[in-house]
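K.L.:
First the structure, then my questions, so here it is.
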Amino acid sequence: MLHLWRDEATRPVVAASLTLGIAVGVFGLSFGVGAASADASVLQACAISLLVFTGASQFSAISVLAAGGSYPSALGGALVLGARNGVYGLAMSPHLRGRLGTRLLAAQWTIDETTSMAMARSDERMRRIAFWVTGVTLFTFWNVGTLAGALAGQAIDTHRFGLDAAFPAAYVAMLWPLLHDRRARLAAALGVAICLVLIPFTPIGVPILCAALAVLVGIPAPAPASAPAAAPAPGAAS
């Protein structure tokens, strides 16, 4: 990565990836602390970050388990949130070719941030560089943050210091930048309403799964087909 930093053409990509990686590492720290507050061991917390590596799904699964929910409920919510990565994979597949091992690693690192950083570049070479540099940076900082948070969570009483609030705080921090238009705010409000209605009489984790239906509000309506041009009237000038 050092040679990319020395190259003036790729230096902005490396700088942006490092900045993003540090921010993601803070969320990884929060996840590690939250996992410890949910009685997960350091090994379990680190294994989830290494193998899953998609923050929203990890936060969802651990928060459901911490609240006493079942494993199927935790898995269901995590899969719903992680399904979007499959769409990112379809978008990135033409740009990330190579041997099987390379493509498997690319699949593991295809998340919101790596996809957006890559697709923001118009040059094919810069697109691949942005993807791989962002992937390395995020994967490193996320897992280091998880380890540090899990170790800290094991060393202190997370409930006594209020660190069990790490999950809701992290969710708010992740969602806040997305609430920039009316459709996004409507989807968020509908999701909250669904949860509040279902919480009193459904098992833990089910309200989160059902609240995912609110994303349908955020899907823009298809643009109306343009009307065919009217045929010229008989005798009209060509």
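Identifiers in this document derive from the order of the structure tokens: chains are assigned A, B, ..., residues are numbered from 1 separately in each chain, and ligands are numbered from 1 in order of occurrence.
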Among segment 22-207 of chain A, which residues does DSSP mark as helix (DSSP H, G or I) when it is run on the backbone? Keep the chain and numbering as in the structure and answer as a ChimeraX atom specification.

P.N.:
/A:22-37,42-51,55-66,71-82,84-92,100-108,112-119,124-155,163-178,182-198,206-207

K.L.:
Expressed in Å to a single decimal, how great is the separation between atom CA of Leu4 of chain A and atom CA of Ala130 of chain A?

P.N.:
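Value for the atom CA of Leu4 of chain A-atom CA of Ala130 of chain A distance: 10.6 Å.
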
K.L.:
For Leu138 of chain A, please output as an NGL selection string all residues within 10 Å (counting only C-alpha atoms; exclusion window: fewer than 5 positions along the same chain).

P.N.:
:A and (17-25 or 28 or 53 or 109 or 113-114 or 132-133 or 143-144)

K.L.:
Measuring between only C-alpha atoms, which one of A:Leu79, A:Ala16, A:Val192, A:Met119 shows the shortest distance to Pro94 of chain A?

P.N.:
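For Pro94 of chain A, the nearest of the candidates is A:Met119.
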
K.L.:
Find the residues near Asp112 of chain A: any atom within 12 Å, counting only C-alpha atoms, skip ones fewer than 5 places away on the same chain, and give them as a PyMOL selection string.

P.N.:
chain A and resi 20+24+53-56+81-89+91-92+117-119+131+134-135+138+174

K.L.:
Could you turn the residues from that selection into a file that holds N, CA and C atoms, as a PDB file, in the first residue's frame?

P.N.:
ATOM      1  N   LEU A  20     -11.927   6.338   6.367  1.00  0.00           N
ATOM      2  CA  LEU A  20     -13.118   5.504   6.534  1.00  0.00           C
ATOM      3  C   LEU A  20     -12.830   4.325   7.458  1.00  0.00           C
ATOM      4  N   VAL A  24     -14.796   3.219  10.857  1.00  0.00           N
ATOM      5  CA  VAL A  24     -15.384   1.885  10.981  1.00  0.00           C
ATOM      6  C   VAL A  24     -14.805   1.155  12.194  1.00  0.00           C
ATOM      7  N   PHE A  53     -18.413 -10.113   8.896  1.00  0.00           N
ATOM      8  CA  PHE A  53     -17.896  -8.860   8.364  1.00  0.00           C
ATOM      9  C   PHE A  53     -18.961  -8.038   7.642  1.00  0.00           C
ATOM     10  N   THR A  54     -20.054  -7.822   8.301  1.00  0.00           N
ATOM     11  CA  THR A  54     -21.043  -6.850   7.832  1.00  0.00           C
ATOM     12  C   THR A  54     -21.727  -6.311   9.078  1.00  0.00           C
ATOM     13  N   GLY A  55     -21.405  -5.067   9.395  1.00  0.00           N
ATOM     14  CA  GLY A  55     -21.746  -4.502  10.691  1.00  0.00           C
ATOM     15  C   GLY A  55     -23.214  -4.563  11.069  1.00  0.00           C
ATOM     16  N   ALA A  56     -24.096  -4.172  10.161  1.00  0.00           N
ATOM     17  CA  ALA A  56     -25.516  -4.134  10.494  1.00  0.00           C
ATOM     18  C   ALA A  56     -26.033  -5.511  10.882  1.00  0.00           C
ATOM     19  N   LEU A  81     -30.776  -8.245   6.617  1.00  0.00           N
ATOM     20  CA  LEU A  81     -29.915  -7.075   6.478  1.00  0.00           C
ATOM     21  C   LEU A  81     -28.724  -7.348   5.553  1.00  0.00           C
ATOM     22  N   GLY A  82     -28.231  -8.581   5.576  1.00  0.00           N
ATOM     23  CA  GLY A  82     -27.071  -8.911   4.753  1.00  0.00           C
ATOM     24  C   GLY A  82     -27.393  -9.210   3.305  1.00  0.00           C
ATOM     25  N   ALA A  83     -28.683  -9.350   2.986  1.00  0.00           N
ATOM     26  CA  ALA A  83     -29.060  -9.712   1.613  1.00  0.00           C
ATOM     27  C   ALA A  83     -28.622  -8.663   0.604  1.00  0.00           C
ATOM     28  N   ARG A  84     -28.513  -7.411   1.053  1.00  0.00           N
ATOM     29  CA  ARG A  84     -28.126  -6.347   0.126  1.00  0.00           C
ATOM     30  C   ARG A  84     -26.728  -6.568  -0.441  1.00  0.00           C
ATOM     31  N   ASN A  85     -25.870  -7.288   0.303  1.00  0.00           N
ATOM     32  CA  ASN A  85     -24.519  -7.520  -0.183  1.00  0.00           C
ATOM     33  C   ASN A  85     -24.507  -8.383  -1.448  1.00  0.00           C
ATOM     34  N   GLY A  86     -25.544  -9.213  -1.610  1.00  0.00           N
ATOM     35  CA  GLY A  86     -25.655  -9.991  -2.832  1.00  0.00           C
ATOM     36  C   GLY A  86     -25.864  -9.105  -4.048  1.00  0.00           C
ATOM     37  N   VAL A  87     -26.631  -8.029  -3.851  1.00  0.00           N
ATOM     38  CA  VAL A  87     -26.839  -7.077  -4.946  1.00  0.00           C
ATOM     39  C   VAL A  87     -25.528  -6.362  -5.265  1.00  0.00           C
ATOM     40  N   TYR A  88     -24.782  -5.998  -4.214  1.00  0.00           N
ATOM     41  CA  TYR A  88     -23.480  -5.361  -4.446  1.00  0.00           C
ATOM     42  C   TYR A  88     -22.550  -6.305  -5.211  1.00  0.00           C
ATOM     43  N   GLY A  89     -22.638  -7.597  -4.895  1.00  0.00           N
ATOM     44  CA  GLY A  89     -21.799  -8.566  -5.590  1.00  0.00           C
ATOM     45  C   GLY A  89     -22.082  -8.610  -7.077  1.00  0.00           C
ATOM     46  N   ALA A  91     -23.165  -6.137  -8.830  1.00  0.00           N
ATOM     47  CA  ALA A  91     -22.653  -4.895  -9.413  1.00  0.00           C
ATOM     48  C   ALA A  91     -21.140  -4.925  -9.569  1.00  0.00           C
ATOM     49  N   MET A  92     -20.450  -5.596  -8.628  1.00  0.00           N
ATOM     50  CA  MET A  92     -18.995  -5.579  -8.634  1.00  0.00           C
ATOM     51  C   MET A  92     -18.376  -6.729  -9.428  1.00  0.00           C
ATOM     52  N   MET A 117     -17.060   3.062  -2.608  1.00  0.00           N
ATOM     53  CA  MET A 117     -15.747   3.629  -2.918  1.00  0.00           C
ATOM     54  C   MET A 117     -15.301   3.224  -4.326  1.00  0.00           C
ATOM     55  N   ALA A 118     -15.571   1.981  -4.691  1.00  0.00           N
ATOM     56  CA  ALA A 118     -15.154   1.506  -6.012  1.00  0.00           C
ATOM     57  C   ALA A 118     -15.996   2.121  -7.127  1.00  0.00           C
ATOM     58  N   MET A 119     -17.306   2.120  -6.963  1.00  0.00           N
ATOM     59  CA  MET A 119     -18.179   2.590  -8.029  1.00  0.00           C
ATOM     60  C   MET A 119     -18.118   4.099  -8.212  1.00  0.00           C
ATOM     61  N   PHE A 131     -11.465  -0.571  -4.380  1.00  0.00           N
ATOM     62  CA  PHE A 131     -12.121  -1.698  -3.715  1.00  0.00           C
ATOM     63  C   PHE A 131     -11.160  -2.422  -2.782  1.00  0.00           C
ATOM     64  N   THR A 134      -9.795  -0.239   0.214  1.00  0.00           N
ATOM     65  CA  THR A 134     -10.861  -0.056   1.202  1.00  0.00           C
ATOM     66  C   THR A 134     -11.152  -1.358   1.929  1.00  0.00           C
ATOM     67  N   GLY A 135     -11.156  -2.471   1.203  1.00  0.00           N
ATOM     68  CA  GLY A 135     -11.409  -3.764   1.837  1.00  0.00           C
ATOM     69  C   GLY A 135     -10.362  -4.116   2.876  1.00  0.00           C
ATOM     70  N   LEU A 138     -10.721  -1.547   5.931  1.00  0.00           N
ATOM     71  CA  LEU A 138     -11.898  -1.769   6.762  1.00  0.00           C
ATOM     72  C   LEU A 138     -11.826  -3.086   7.512  1.00  0.00           C
ATOM     73  N   MET A 174     -25.438   4.965  12.685  1.00  0.00           N
ATOM     74  CA  MET A 174     -25.424   4.447  11.317  1.00  0.00           C
ATOM     75  C   MET A 174     -26.613   4.952  10.506  1.00  0.00           C
TER      76      MET A 174
END

K.L.:
Can you measure atom CA of Ser63 of chain A to atom CA of Ala38 of chain A for me? One decimal in Å is fine.

P.N.:
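Those two atoms sit 7.6 Å apart.
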